[in-house]
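Taking it in order: structure first as structure tokens, then the write-up.
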Amino acid sequence: MTQLAAAYSTSTGEAFQFWVLGTVAVIGALCTILMKKAVHSALCLAGTMIILAVFYLANGAYFLGIVQIVVYTGAIMMLFLFVVMLVGVTAADSLKETVKGQRWLAALCGLGFGILLIAGIANASLSHFNGVGKANAGGNVEGLAALIFTKYVFAFEITGALLITAAVGAMVLTHRERTERAKTQRELAEQRVREGKHLPPLPAPGVYARHNAVDIAGLLPDGTPSELTVMRTLRDRGQVRDVSGEALSDLKALEQRSADRLERSEEASK
């Protein structure tokens, strides 16, 4: 009787954990669909998945919690981030709708899904509670496998098909059809010689700038930044950082300190 009462009751710590982390999870889910930048949305979704893993671990589903962190948060969310970086979504992209009325259609679908979700939760009833101990009687892995490959096998297969479709869609979005043969290094070198633009290879980012980041232009001997040291994509996006003023000020300070030391050395020798 005591075990049955413990199964139905909730401690103060469990309730506090649920309400605090549940609130953060809901906020992260809302930020996933409300953030303007895709990278921020992916990070918010990753935070929500981590909180779900904490819920699994707190309820004794250790295997499911670790899978939630390693597979979904670690693998799938990193795949999302790489896809976002490869596609290169920026604020300069066109926001014109290619399909008319797609926003209204998406809003209607979301409203319908919300109604179905609320109706399902309202009609849900729990007449008998087995508890985690009975569900994991043969082990958490065996209990989870029995549910996935028997009762929920159809939903599991649909989820796998959805993930495969997402991977194929990412490859289609990042693929660029090549209309001509790629030039070899020798042909590119010969082209530079014929055009006379820049015969040697381009300088590396951050030369003389005391930084080696790809978004920092290298400095010429006179201290001015060189546009040839950063890629064209970063220049078009306006993501190039100018550190020429900082580098020149540091150089002047170094020269001043050297001059002061020389003066002190000369005075000491006299």
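Letters A, B, ... go to the chains of the structure tokens in the order shown; residues in each chain start at 1; ligands are counted from 1 in the same order.
Omitting Thr32 in chain A and its sequence neighbours fewer than 5 positions away, and counting only C-alpha atoms, the residues within 8 Å are His40, Ser41, Ala42, Leu43, Cys44 and Leu45 of chain A.
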_Polymer residues at most 10 Å from Val84 in chain A, only C-alpha atoms, same-chain spacing of 5 or more positions, as a ChimeraX atom specification_ = /A:37-39,42,78-79,89-90,170,174
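Residues surrounding range 213-218 of chain A within 7 Å are Pro205, Gly206, Val207, Pro225, Ser226, Glu227, Thr229, Val230, Leu234, Gln239, Val240, Arg241 and Asp242 of chain A [only C-alpha atoms; sequence separation below 6 positions excluded].
With only C-alpha atoms as the basis for measurement, A:Met49 is the residue among A:Ala204, A:Val26, A:Met49, A:Leu81 that approaches Ile69 in chain A most closely.
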*So what do you get for CA of Ala58 in chain A versus CA of Gly13 in chain A, distance-wise?*
10.8 Å
